[in-house]
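Q: Data file run20.cif (mmCIF, C-alpha atoms) is appended below.
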```cif
data_structure
loop_
_atom_site.group_PDB
_atom_site.id
_atom_site.type_symbol
_atom_site.label_atom_id
_atom_site.label_comp_id
_atom_site.auth_asym_id
_atom_site.auth_seq_id
_atom_site.Cartn_x
_atom_site.Cartn_y
_atom_site.Cartn_z
ATOM 1 C CA MET A 1 -2.829 -9.916 8.355
ATOM 2 C CA SER A 2 -3.166 -11.488 11.806
ATOM 3 C CA PRO A 3 -0.654 -14.331 12.342
ATOM 4 C CA HIS A 4 -0.909 -16.298 15.530
ATOM 5 C CA GLU A 5 2.004 -17.123 17.791
ATOM 6 C CA ASN A 6 1.956 -19.664 20.623
ATOM 7 C CA LEU A 7 3.942 -18.359 23.553
ATOM 8 C CA ARG A 8 5.351 -20.286 26.481
ATOM 9 C CA THR A 9 5.804 -18.469 29.795
ATOM 10 C CA SER A 10 7.976 -19.229 32.762
ATOM 11 C CA GLU A 11 6.195 -20.524 35.809
ATOM 12 C CA LEU A 12 4.710 -17.803 37.950
ATOM 13 C CA LYS A 13 3.294 -18.152 41.408
ATOM 14 C CA GLU A 14 -0.039 -16.485 40.881
ATOM 15 C CA THR A 15 -2.566 -17.574 38.250
ATOM 16 C CA THR A 16 -3.505 -13.963 37.542
ATOM 17 C CA GLU A 17 0.137 -13.123 36.889
ATOM 18 C CA ILE A 18 0.392 -15.992 34.403
ATOM 19 C CA ILE A 19 -2.724 -14.821 32.546
ATOM 20 C CA ASN A 20 -1.558 -11.212 32.425
ATOM 21 C CA PHE A 21 1.928 -12.182 31.318
ATOM 22 C CA LYS A 22 0.620 -14.336 28.483
ATOM 23 C CA HIS A 23 -1.898 -11.723 27.375
ATOM 24 C CA GLU A 24 0.532 -8.814 27.326
ATOM 25 C CA SER A 25 3.341 -10.810 25.704
ATOM 26 C CA ARG A 26 1.082 -12.197 23.034
ATOM 27 C CA LEU A 27 -0.179 -8.731 22.139
ATOM 28 C CA GLU A 28 3.360 -7.395 21.968
ATOM 29 C CA ILE A 29 4.567 -10.262 19.769
ATOM 30 C CA HIS A 30 1.510 -9.979 17.498
ATOM 31 C CA SER A 31 2.051 -6.254 17.049
ATOM 32 C CA THR A 32 5.702 -6.781 16.196
ATOM 33 C CA ILE A 33 4.883 -9.490 13.640
ATOM 34 C CA ARG A 34 2.171 -7.363 12.029
ATOM 35 C CA LYS A 35 4.456 -4.369 11.741
ATOM 36 C CA GLN A 36 7.251 -6.414 10.188
ATOM 37 C CA ALA A 37 4.885 -8.136 7.741
ATOM 38 C CA LEU A 38 3.227 -4.879 6.711
ATOM 39 C CA ILE A 39 6.504 -3.073 6.223
ATOM 40 C CA GLN A 40 7.719 -5.906 4.008
ATOM 41 C CA LEU A 41 4.547 -5.777 1.917
ATOM 42 C CA LEU A 42 4.878 -2.020 1.542
ATOM 43 C CA LEU A 43 8.462 -2.481 0.370
ATOM 44 C CA GLU A 44 7.094 -4.907 -2.257
ATOM 45 C CA ASN A 45 4.699 -2.132 -3.375
ATOM 46 C CA PHE A 46 1.417 -3.643 -2.174
ATOM 47 C CA GLN A 47 -1.283 -0.977 -2.146
ATOM 48 C CA ARG A 48 -4.303 -2.821 -0.749
ATOM 49 C CA PHE A 49 -4.737 -4.741 2.485
ATOM 50 C CA LYS A 50 -7.494 -6.746 4.148
ATOM 51 C CA VAL A 51 -7.921 -7.508 7.831
ATOM 52 C CA LYS A 52 -10.176 -10.018 9.555
ATOM 53 C CA VAL A 53 -12.648 -8.528 12.022
ATOM 54 C CA GLY A 54 -15.720 -9.520 13.969
ATOM 55 C CA ALA A 55 -14.615 -11.367 17.109
ATOM 56 C CA ASP A 56 -13.825 -8.489 19.474
ATOM 57 C CA LEU A 57 -14.542 -4.837 18.747
ATOM 58 C CA GLN A 58 -11.726 -3.350 20.816
ATOM 59 C CA ASP A 59 -9.233 -5.751 19.258
ATOM 60 C CA ASP A 60 -10.518 -4.797 15.795
ATOM 61 C CA ILE A 61 -10.097 -1.109 16.571
ATOM 62 C CA CYS A 62 -6.531 -1.675 17.797
ATOM 63 C CA ARG A 63 -5.563 -3.746 14.761
ATOM 64 C CA CYS A 64 -7.198 -1.429 12.238
ATOM 65 C CA ARG A 65 -5.494 1.551 13.850
ATOM 66 C CA LEU A 66 -2.145 -0.227 13.825
ATOM 67 C CA ILE A 67 -2.480 -1.171 10.162
ATOM 68 C CA ARG A 68 -3.793 2.226 9.064
ATOM 69 C CA ASN A 69 -0.969 4.021 10.878
ATOM 70 C CA ILE A 70 1.615 1.853 9.111
ATOM 71 C CA ILE A 71 0.193 1.863 5.593
ATOM 72 C CA GLY A 72 -0.850 5.511 5.715
ATOM 73 C CA PRO A 73 -4.067 7.264 4.652
ATOM 74 C CA GLU A 74 -3.756 6.691 0.905
ATOM 75 C CA LYS A 75 -3.515 2.880 0.836
ATOM 76 C CA THR A 76 -6.697 0.791 0.636
ATOM 77 C CA LEU A 77 -7.898 -1.087 3.719
ATOM 78 C CA MET A 78 -10.727 -3.655 3.616
ATOM 79 C CA THR A 79 -12.353 -5.862 6.255
ATOM 80 C CA ASP A 80 -13.850 -9.337 6.371
ATOM 81 C CA ALA A 81 -16.071 -10.603 9.181
ATOM 82 C CA ASN A 82 -16.463 -14.102 7.687
ATOM 83 C CA GLN A 83 -20.258 -14.002 8.034
ATOM 84 C CA ARG A 84 -20.060 -13.611 11.824
ATOM 85 C CA TRP A 85 -22.689 -10.885 12.147
ATOM 86 C CA ASP A 86 -26.370 -10.376 11.682
ATOM 87 C CA VAL A 87 -27.447 -7.113 10.070
ATOM 88 C CA PRO A 88 -27.829 -4.806 13.119
ATOM 89 C CA GLU A 89 -24.509 -6.008 14.517
ATOM 90 C CA ALA A 90 -22.779 -5.365 11.194
ATOM 91 C CA VAL A 91 -24.149 -1.814 11.011
ATOM 92 C CA GLU A 92 -23.161 -0.992 14.600
ATOM 93 C CA TRP A 93 -19.723 -2.616 14.355
ATOM 94 C CA MET A 94 -18.800 -0.847 11.137
ATOM 95 C CA SER A 95 -19.851 2.527 12.539
ATOM 96 C CA ASN A 96 -17.170 2.018 15.183
ATOM 97 C CA LEU A 97 -14.565 1.296 12.497
ATOM 98 C CA ALA A 98 -15.546 4.154 10.177
ATOM 99 C CA GLU A 99 -12.591 6.321 11.234
ATOM 100 C CA PHE A 100 -10.229 3.928 9.447
ATOM 101 C CA LYS A 101 -11.706 4.693 6.007
ATOM 102 C CA LEU A 102 -12.452 1.106 5.033
ATOM 103 C CA LEU A 103 -13.232 0.334 1.415
ATOM 104 C CA TRP A 104 -15.624 -2.496 2.220
ATOM 105 C CA ILE A 105 -16.875 -5.053 4.689
ATOM 106 C CA GLU A 106 -17.716 -8.688 4.032
ATOM 107 C CA PRO A 107 -20.418 -8.822 6.685
ATOM 108 C CA THR A 108 -23.123 -11.435 7.024
ATOM 109 C CA SER A 109 -24.492 -14.622 5.490
ATOM 110 C CA PRO A 110 -24.633 -14.340 1.678
ATOM 111 C CA GLY A 111 -28.100 -15.855 1.851
ATOM 112 C CA ASP A 112 -29.362 -12.720 3.599
ATOM 113 C CA ILE A 113 -29.811 -10.797 0.372
ATOM 114 C CA LEU A 114 -32.014 -8.026 1.757
ATOM 115 C CA GLY A 115 -29.705 -7.776 4.748
ATOM 116 C CA HIS A 116 -26.820 -6.855 2.471
ATOM 117 C CA ALA A 117 -28.940 -4.128 0.907
ATOM 118 C CA THR A 118 -29.850 -2.801 4.362
ATOM 119 C CA ILE A 119 -26.196 -2.595 5.384
ATOM 120 C CA PHE A 120 -25.367 -0.630 2.242
ATOM 121 C CA LYS A 121 -28.220 1.816 2.883
ATOM 122 C CA ARG A 122 -26.386 2.727 6.092
ATOM 123 C CA LYS A 123 -23.534 4.030 3.907
ATOM 124 C CA THR A 124 -21.299 0.997 4.404
ATOM 125 C CA ALA A 125 -19.858 -0.412 1.202
ATOM 126 C CA VAL A 126 -20.391 -4.154 0.968
ATOM 127 C CA ALA A 127 -18.281 -6.781 -0.745
ATOM 128 C CA ALA A 128 -19.982 -10.118 -0.795
ATOM 129 C CA ALA A 129 -20.160 -13.555 -2.191
ATOM 130 C CA THR A 130 -17.012 -15.374 -1.141
ATOM 131 C CA ALA A 131 -19.464 -17.877 0.332
ATOM 132 C CA CYS A 132 -22.116 -17.702 -2.413
ATOM 133 C CA HIS A 133 -22.594 -21.095 -4.003
ATOM 134 C CA ASN A 134 -24.595 -20.340 -7.163
ATOM 135 C CA ARG A 135 -25.355 -17.665 -9.738
ATOM 136 C CA VAL A 136 -28.940 -17.169 -8.517
ATOM 137 C CA ILE A 137 -27.816 -15.666 -5.197
ATOM 138 C CA PHE A 138 -25.433 -13.418 -7.081
ATOM 139 C CA LYS A 139 -28.240 -12.356 -9.399
ATOM 140 C CA GLN A 140 -30.500 -11.393 -6.507
ATOM 141 C CA LEU A 141 -27.734 -9.545 -4.644
ATOM 142 C CA LEU A 142 -27.099 -7.516 -7.773
ATOM 143 C CA GLN A 143 -30.796 -6.859 -8.378
ATOM 144 C CA VAL A 144 -31.393 -5.408 -4.898
ATOM 145 C CA LYS A 145 -28.086 -3.488 -4.961
ATOM 146 C CA GLY A 146 -26.878 -5.505 -2.021
ATOM 147 C CA LEU A 147 -23.204 -5.215 -2.865
ATOM 148 C CA GLN A 148 -20.790 -2.749 -4.374
ATOM 149 C CA PHE A 149 -17.916 -5.178 -4.948
ATOM 150 C CA LEU A 150 -18.425 -8.770 -6.011
ATOM 151 C CA GLN A 151 -16.102 -11.552 -4.905
ATOM 152 C CA ILE A 152 -16.372 -14.822 -6.735
ATOM 153 C CA ASP A 153 -14.758 -17.893 -5.231
ATOM 154 C CA SER A 154 -13.388 -20.240 -7.874
ATOM 155 C CA CYS A 155 -14.130 -23.310 -5.744
ATOM 156 C CA ARG A 156 -17.314 -22.332 -3.931
ATOM 157 C CA LEU A 157 -19.258 -21.809 -7.154
ATOM 158 C CA GLY A 158 -18.343 -25.292 -8.253
ATOM 159 C CA SER A 159 -17.589 -24.904 -11.935
ATOM 160 C CA ILE A 160 -16.029 -22.645 -14.511
ATOM 161 C CA ASN A 161 -19.399 -22.249 -16.251
ATOM 162 C CA GLU A 162 -21.036 -20.985 -13.045
ATOM 163 C CA ASN A 163 -18.246 -18.471 -12.557
ATOM 164 C CA LEU A 164 -18.507 -17.268 -16.142
ATOM 165 C CA SER A 165 -22.248 -16.672 -15.678
ATOM 166 C CA VAL A 166 -21.464 -14.408 -12.750
ATOM 167 C CA LEU A 167 -18.788 -12.537 -14.710
ATOM 168 C CA LEU A 168 -21.390 -11.731 -17.371
ATOM 169 C CA MET A 169 -23.884 -10.493 -14.782
ATOM 170 C CA VAL A 170 -21.231 -8.322 -13.153
ATOM 171 C CA LYS A 171 -20.571 -6.737 -16.526
ATOM 172 C CA LYS A 172 -24.279 -5.971 -16.961
ATOM 173 C CA PHE A 173 -24.605 -4.367 -13.519
ATOM 174 C CA GLU A 174 -21.249 -2.567 -13.778
ATOM 175 C CA ILE A 175 -20.014 -3.772 -10.405
ATOM 176 C CA PRO A 176 -16.246 -4.221 -9.867
ATOM 177 C CA ILE A 177 -15.264 -7.848 -9.565
ATOM 178 C CA CYS A 178 -12.611 -8.582 -6.946
ATOM 179 C CA PRO A 179 -12.190 -12.376 -6.713
ATOM 180 C CA HIS A 180 -11.529 -14.128 -3.439
ATOM 181 C CA ALA A 181 -8.300 -16.102 -3.189
ATOM 182 C CA GLY A 182 -5.715 -17.175 -0.652
ATOM 183 C CA GLY A 183 -6.695 -20.686 0.403
ATOM 184 C CA ILE A 184 -5.030 -23.829 -0.902
ATOM 185 C CA GLY A 185 -4.939 -23.412 -4.676
ATOM 186 C CA LEU A 186 -7.412 -20.545 -4.903
ATOM 187 C CA CYS A 187 -4.841 -18.150 -6.353
ATOM 188 C CA GLU A 188 -3.897 -20.774 -8.944
ATOM 189 C CA LEU A 189 -7.542 -21.167 -9.929
ATOM 190 C CA VAL A 190 -8.792 -17.621 -9.883
ATOM 191 C CA GLN A 191 -5.999 -16.217 -12.049
ATOM 192 C CA HIS A 192 -7.656 -17.796 -15.095
ATOM 193 C CA LEU A 193 -11.005 -16.173 -14.283
ATOM 194 C CA ILE A 194 -9.659 -12.650 -13.833
ATOM 195 C CA ILE A 195 -7.667 -12.903 -17.050
ATOM 196 C CA PHE A 196 -10.740 -14.161 -18.917
ATOM 197 C CA ASP A 197 -12.798 -11.294 -17.501
ATOM 198 C CA PHE A 198 -10.246 -8.729 -18.680
ATOM 199 C CA LEU A 199 -9.709 -10.223 -22.131
ATOM 200 C CA SER A 200 -13.214 -11.377 -23.034
ATOM 201 C CA VAL A 201 -15.820 -9.725 -20.807
ATOM 202 C CA SER A 202 -15.066 -6.367 -19.232
ATOM 203 C CA GLY A 203 -11.881 -5.248 -20.971
ATOM 204 C CA SER A 204 -11.139 -3.083 -17.970
ATOM 205 C CA LEU A 205 -9.128 -3.152 -14.743
ATOM 206 C CA GLU A 206 -10.789 -0.078 -13.257
ATOM 207 C CA ASN A 207 -11.605 -0.504 -9.545
ATOM 208 C CA LYS A 208 -10.740 -4.185 -9.802
ATOM 209 C CA MET A 209 -8.362 -6.286 -7.757
ATOM 210 C CA CYS A 210 -7.773 -9.918 -6.941
ATOM 211 C CA GLU A 211 -6.795 -11.238 -3.545
ATOM 212 C CA TYR A 212 -3.427 -12.857 -3.121
ATOM 213 C CA VAL A 213 -1.715 -14.683 -0.282
ATOM 214 C CA ASP A 214 1.829 -15.993 -0.612
ATOM 215 C CA HIS A 215 0.912 -19.317 0.946
ATOM 216 C CA LEU A 216 1.116 -23.023 -0.031
ATOM 217 C CA HIS A 217 1.933 -22.412 -3.695
ATOM 218 C CA GLU A 218 4.847 -24.823 -3.384
ATOM 219 C CA HIS A 219 2.394 -27.745 -3.383
ATOM 220 C CA PHE A 220 1.272 -27.095 -6.965
ATOM 221 C CA LYS A 221 2.922 -28.268 -10.145
ATOM 222 C CA TYR A 222 2.089 -24.987 -11.879
ATOM 223 C CA PRO A 223 2.100 -22.357 -9.121
ATOM 224 C CA VAL A 224 0.774 -18.884 -9.679
ATOM 225 C CA ILE A 225 3.364 -16.307 -10.733
ATOM 226 C CA THR A 226 3.210 -12.671 -9.656
ATOM 227 C CA LYS A 227 5.349 -9.722 -10.672
ATOM 228 C CA ASN A 228 5.150 -6.108 -9.511
ATOM 229 C CA VAL A 229 2.143 -6.959 -7.341
ATOM 230 C CA SER A 230 0.244 -8.362 -10.347
ATOM 231 C CA TYR A 231 -0.786 -11.806 -11.497
ATOM 232 C CA MET A 232 1.132 -12.973 -14.555
ATOM 233 C CA GLN A 233 -0.622 -14.849 -17.345
ATOM 234 C CA PRO A 234 -0.086 -18.625 -16.944
ATOM 235 C CA GLN A 235 2.177 -20.143 -19.586
ATOM 236 C CA ASP A 236 1.036 -23.756 -19.124
ATOM 237 C CA ALA A 237 -2.154 -25.321 -20.449
ATOM 238 C CA GLY A 238 -4.904 -26.293 -18.034
ATOM 239 C CA TYR A 239 -6.487 -24.830 -14.916
ATOM 240 C CA SER A 240 -3.348 -24.939 -12.716
ATOM 241 C CA THR A 241 -4.977 -27.339 -10.246
ATOM 242 C CA GLU A 242 -2.535 -30.257 -10.400
ATOM 243 C CA MET A 243 -0.802 -30.802 -7.095
ATOM 244 C CA LYS A 244 2.581 -32.418 -6.620
ATOM 245 C CA VAL A 245 2.412 -36.132 -5.795
ATOM 246 C CA GLU A 246 4.356 -35.690 -2.579
ATOM 247 C CA SER A 247 1.863 -33.063 -1.397
ATOM 248 C CA VAL A 248 -1.239 -35.218 -1.827
#
```
Kindly return the structure encoded in the file as structure tokens.

A:
Amino acid sequence: MSPHENLRTSELKETTEIINFKHESRLEIHSTIRKQALIQLLLENFQRFKVKVGADLQDDICRCRLIRNIIGPEKTLMTDANQRWDVPEAVEWMSNLAEFKLLWIEPTSPGDILGHATIFKRKTAVAAATACHNRVIFKQLLQVKGLQFLQIDSCRLGSINENLSVLLMVKKFEIPICPHAGGIGLCELVQHLIIFDFLSVSGSLENKMCEYVDHLHEHFKYPVITKNVSYMQPQDAGYSTEMKVESV
């Protein structure tokens, strides 16, 4: 959502001119890249988008406005603060982004279970748990109604068994599961979990989605396959984790 470009500038006499030139050029290049990337994703029929927030409020407002204007009012827009905020900051920040009709925020430390519940009481939908490391935290978040969307991380939880325990709890509490993916190999891993959930646990795709980033799949012997903006069922045995020798 927010690629970074390193720009070189010609030598200018005044330091302030150099700073202003770099700042304005970088913003212009970033905006151009975002527009091109978003338009391409829309052409590929992507319906849901997530943007990183939390470092600078005015920058977040500009980027959310840019993205919302391009994707239109009907597409889904989500945000992730990568646990940057404490609870009051999360509540205040999200009130400033409310105009962009965000589906959820990934706000604060997953260990702050009551904090998640407090954020939700302020009418901000919460998606949590990309950083949760065991089923007990998930259980407590569900018990206090501290999240409305649950994001398992196929690596963070540490085992298939731990992930399956969470899938069963999600079914009990009737919370949509929307697994986190996008890092090195996470898409390859999580595809098995979402397919298992559909076939053997929930039997439903309602309000569910799985993150996807078209990034670094070339390093895996059995890369994830997508078609029509959907994960395809793997055809090879195993957990799709084997990397190519030349990539290790």

Q: Using only C-alpha atoms, which of the listed residues (A:Asp60, A:Glu188, A:Glu242, A:Asp197) sits closest to Leu164 (chain A)?

A: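 Smallest separation from Leu164 (chain A) among the options: A:Asp197.
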
Q: State, in Å with one decimal place, the distance from CA of Tyr239 (chain A) to CA of Val170 (chain A).

A: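 Taking CA of Tyr239 (chain A) as the start and CA of Val170 (chain A) as the end point, the length is 22.2 Å.
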
Q: For this structure, which residues satisfy the selection - the PyMOL selection byres ((chain A and resi 175) around 10) - when it is evaluated on the file as given? I want them as a CSV table (one decimal) with C-alpha atoms, in the coordinates of the input.

A:
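So the final result, stored in out-v6.csv, reads:
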```csv
chain,number,residue,atom,x,y,z
A,142,LEU,CA,-27.1,-7.5,-7.8
A,145,LYS,CA,-28.1,-3.5,-5.0
A,147,LEU,CA,-23.2,-5.2,-2.9
A,148,GLN,CA,-20.8,-2.7,-4.4
A,149,PHE,CA,-17.9,-5.2,-4.9
A,150,LEU,CA,-18.4,-8.8,-6.0
A,167,LEU,CA,-18.8,-12.5,-14.7
A,169,MET,CA,-23.9,-10.5,-14.8
A,170,VAL,CA,-21.2,-8.3,-13.2
A,171,LYS,CA,-20.6,-6.7,-16.5
A,172,LYS,CA,-24.3,-6.0,-17.0
A,173,PHE,CA,-24.6,-4.4,-13.5
A,174,GLU,CA,-21.2,-2.6,-13.8
A,176,PRO,CA,-16.2,-4.2,-9.9
A,177,ILE,CA,-15.3,-7.8,-9.6
A,178,CYS,CA,-12.6,-8.6,-6.9
A,207,ASN,CA,-11.6,-0.5,-9.5
A,208,LYS,CA,-10.7,-4.2,-9.8
```

Q: Report as lines of an AutoDock Vina configuration file the centre and the edge lengths, in Å to one decimal, of the axis-aligned box holding every listed atom of region 197-213 of chain A, padded by 3 Å on each side.

A:
```
center_x = -8.8
center_y = -7.4
center_z = -11.7
size_x = 20.1
size_y = 20.6
size_z = 28.8
```

Q: Please determine, counting only C-alpha atoms, which residue among A:Ile39, A:Ala237, A:Lys75, A:Pro107 has the shortest atom-to-atom distance to Pro88 (chain A).

A: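 Of all the options, A:Pro107 lies closest to Pro88 (chain A).
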
Q: For this file, the PyMOL selection byres ((chain A and resi 241) around 9) selects which residues, as a list in words?

A: Gly185, Leu186, Glu188, Leu189, Phe220, Lys221, Tyr222, Pro223, Gly238, Tyr239, Ser240, Glu242 and Met243 of chain A

Q: Calculated over only C-alpha atoms, which of the candidates A:Asp80, A:Glu99, A:Asp86, A:Glu92 has the smallest distance to Ala127 (chain A)?

A: A:Asp80

Q: Pick out the residues sitting within 12 Å of Leu41 (chain A), and hand them over as a count of residues only; count only C-alpha atoms, and ignore anything fewer than 4 positions along from it in its own chain.

A: 19

Q: Please supply region 146-175 of chain A, rebuilt with N, CA and C atoms, as an mmCIF file, keeping the file's coordinate frame.

A:
```cif
data_model
loop_
_atom_site.group_PDB
_atom_site.id
_atom_site.type_symbol
_atom_site.label_atom_id
_atom_site.label_comp_id
_atom_site.auth_asym_id
_atom_site.auth_seq_id
_atom_site.Cartn_x
_atom_site.Cartn_y
_atom_site.Cartn_z
ATOM 1 N N GLY A 146 -27.346 -5.062 -3.334
ATOM 2 C CA GLY A 146 -26.878 -5.505 -2.021
ATOM 3 C C GLY A 146 -25.377 -5.580 -1.895
ATOM 4 N N LEU A 147 -24.657 -5.245 -2.953
ATOM 5 C CA LEU A 147 -23.204 -5.215 -2.865
ATOM 6 C C LEU A 147 -22.644 -4.204 -3.849
ATOM 7 N N GLN A 148 -21.454 -3.727 -3.520
ATOM 8 C CA GLN A 148 -20.790 -2.749 -4.374
ATOM 9 C C GLN A 148 -19.503 -3.314 -4.969
ATOM 10 N N PHE A 149 -19.047 -4.432 -4.422
ATOM 11 C CA PHE A 149 -17.916 -5.178 -4.948
ATOM 12 C C PHE A 149 -18.294 -6.648 -4.888
ATOM 13 N N LEU A 150 -18.019 -7.365 -5.964
ATOM 14 C CA LEU A 150 -18.425 -8.770 -6.011
ATOM 15 C C LEU A 150 -17.195 -9.666 -5.984
ATOM 16 N N GLN A 151 -17.230 -10.645 -5.072
ATOM 17 C CA GLN A 151 -16.102 -11.552 -4.905
ATOM 18 C C GLN A 151 -16.515 -12.982 -5.239
ATOM 19 N N ILE A 152 -16.144 -13.421 -6.419
ATOM 20 C CA ILE A 152 -16.372 -14.822 -6.735
ATOM 21 C C ILE A 152 -15.322 -15.677 -6.046
ATOM 22 N N ASP A 153 -15.686 -16.905 -5.767
ATOM 23 C CA ASP A 153 -14.758 -17.893 -5.231
ATOM 24 C C ASP A 153 -14.692 -19.033 -6.238
ATOM 25 N N SER A 154 -13.518 -19.292 -6.769
ATOM 26 C CA SER A 154 -13.388 -20.240 -7.874
ATOM 27 C C SER A 154 -13.746 -21.664 -7.480
ATOM 28 N N CYS A 155 -13.740 -21.966 -6.198
ATOM 29 C CA CYS A 155 -14.130 -23.310 -5.744
ATOM 30 C C CYS A 155 -15.573 -23.351 -5.258
ATOM 31 N N ARG A 156 -15.982 -22.324 -4.538
ATOM 32 C CA ARG A 156 -17.314 -22.332 -3.931
ATOM 33 C C ARG A 156 -18.421 -22.444 -4.983
ATOM 34 N N LEU A 157 -18.234 -21.770 -6.121
ATOM 35 C CA LEU A 157 -19.258 -21.809 -7.154
ATOM 36 C C LEU A 157 -19.317 -23.140 -7.881
ATOM 37 N N GLY A 158 -18.247 -23.906 -7.822
ATOM 38 C CA GLY A 158 -18.343 -25.292 -8.253
ATOM 39 C C GLY A 158 -18.019 -25.603 -9.697
ATOM 40 N N SER A 159 -17.935 -24.611 -10.550
ATOM 41 C CA SER A 159 -17.589 -24.904 -11.935
ATOM 42 C C SER A 159 -17.155 -23.629 -12.631
ATOM 43 N N ILE A 160 -16.417 -23.797 -13.715
ATOM 44 C CA ILE A 160 -16.029 -22.645 -14.511
ATOM 45 C C ILE A 160 -17.261 -21.996 -15.124
ATOM 46 N N ASN A 161 -18.195 -22.798 -15.614
ATOM 47 C CA ASN A 161 -19.399 -22.249 -16.251
ATOM 48 C C ASN A 161 -20.176 -21.352 -15.293
ATOM 49 N N GLU A 162 -20.300 -21.781 -14.028
ATOM 50 C CA GLU A 162 -21.036 -20.985 -13.045
ATOM 51 C C GLU A 162 -20.320 -19.649 -12.802
ATOM 52 N N ASN A 163 -19.019 -19.700 -12.730
ATOM 53 C CA ASN A 163 -18.246 -18.471 -12.557
ATOM 54 C C ASN A 163 -18.391 -17.538 -13.746
ATOM 55 N N LEU A 164 -18.377 -18.105 -14.950
ATOM 56 C CA LEU A 164 -18.507 -17.268 -16.142
ATOM 57 C C LEU A 164 -19.879 -16.597 -16.197
ATOM 58 N N SER A 165 -20.915 -17.283 -15.735
ATOM 59 C CA SER A 165 -22.248 -16.672 -15.678
ATOM 60 C C SER A 165 -22.239 -15.437 -14.788
ATOM 61 N N VAL A 166 -21.535 -15.538 -13.677
ATOM 62 C CA VAL A 166 -21.464 -14.408 -12.750
ATOM 63 C C VAL A 166 -20.657 -13.266 -13.359
ATOM 64 N N LEU A 167 -19.581 -13.581 -14.050
ATOM 65 C CA LEU A 167 -18.788 -12.537 -14.710
ATOM 66 C C LEU A 167 -19.647 -11.736 -15.688
ATOM 67 N N LEU A 168 -20.515 -12.418 -16.404
ATOM 68 C CA LEU A 168 -21.390 -11.731 -17.371
ATOM 69 C C LEU A 168 -22.403 -10.841 -16.664
ATOM 70 N N MET A 169 -22.931 -11.317 -15.529
ATOM 71 C CA MET A 169 -23.884 -10.493 -14.782
ATOM 72 C C MET A 169 -23.209 -9.266 -14.197
ATOM 73 N N VAL A 170 -21.984 -9.446 -13.708
ATOM 74 C CA VAL A 170 -21.231 -8.322 -13.153
ATOM 75 C C VAL A 170 -21.019 -7.242 -14.217
ATOM 76 N N LYS A 171 -20.725 -7.677 -15.415
ATOM 77 C CA LYS A 171 -20.571 -6.737 -16.526
ATOM 78 C C LYS A 171 -21.860 -5.944 -16.760
ATOM 79 N N LYS A 172 -22.984 -6.617 -16.726
ATOM 80 C CA LYS A 172 -24.279 -5.971 -16.961
ATOM 81 C C LYS A 172 -24.581 -4.923 -15.882
ATOM 82 N N PHE A 173 -24.276 -5.266 -14.630
ATOM 83 C CA PHE A 173 -24.605 -4.367 -13.519
ATOM 84 C C PHE A 173 -23.483 -3.368 -13.210
ATOM 85 N N GLU A 174 -22.373 -3.489 -13.926
ATOM 86 C CA GLU A 174 -21.249 -2.567 -13.778
ATOM 87 C C GLU A 174 -20.759 -2.487 -12.330
ATOM 88 N N ILE A 175 -20.557 -3.652 -11.755
ATOM 89 C CA ILE A 175 -20.014 -3.772 -10.405
ATOM 90 C C ILE A 175 -18.577 -4.289 -10.514
#
```
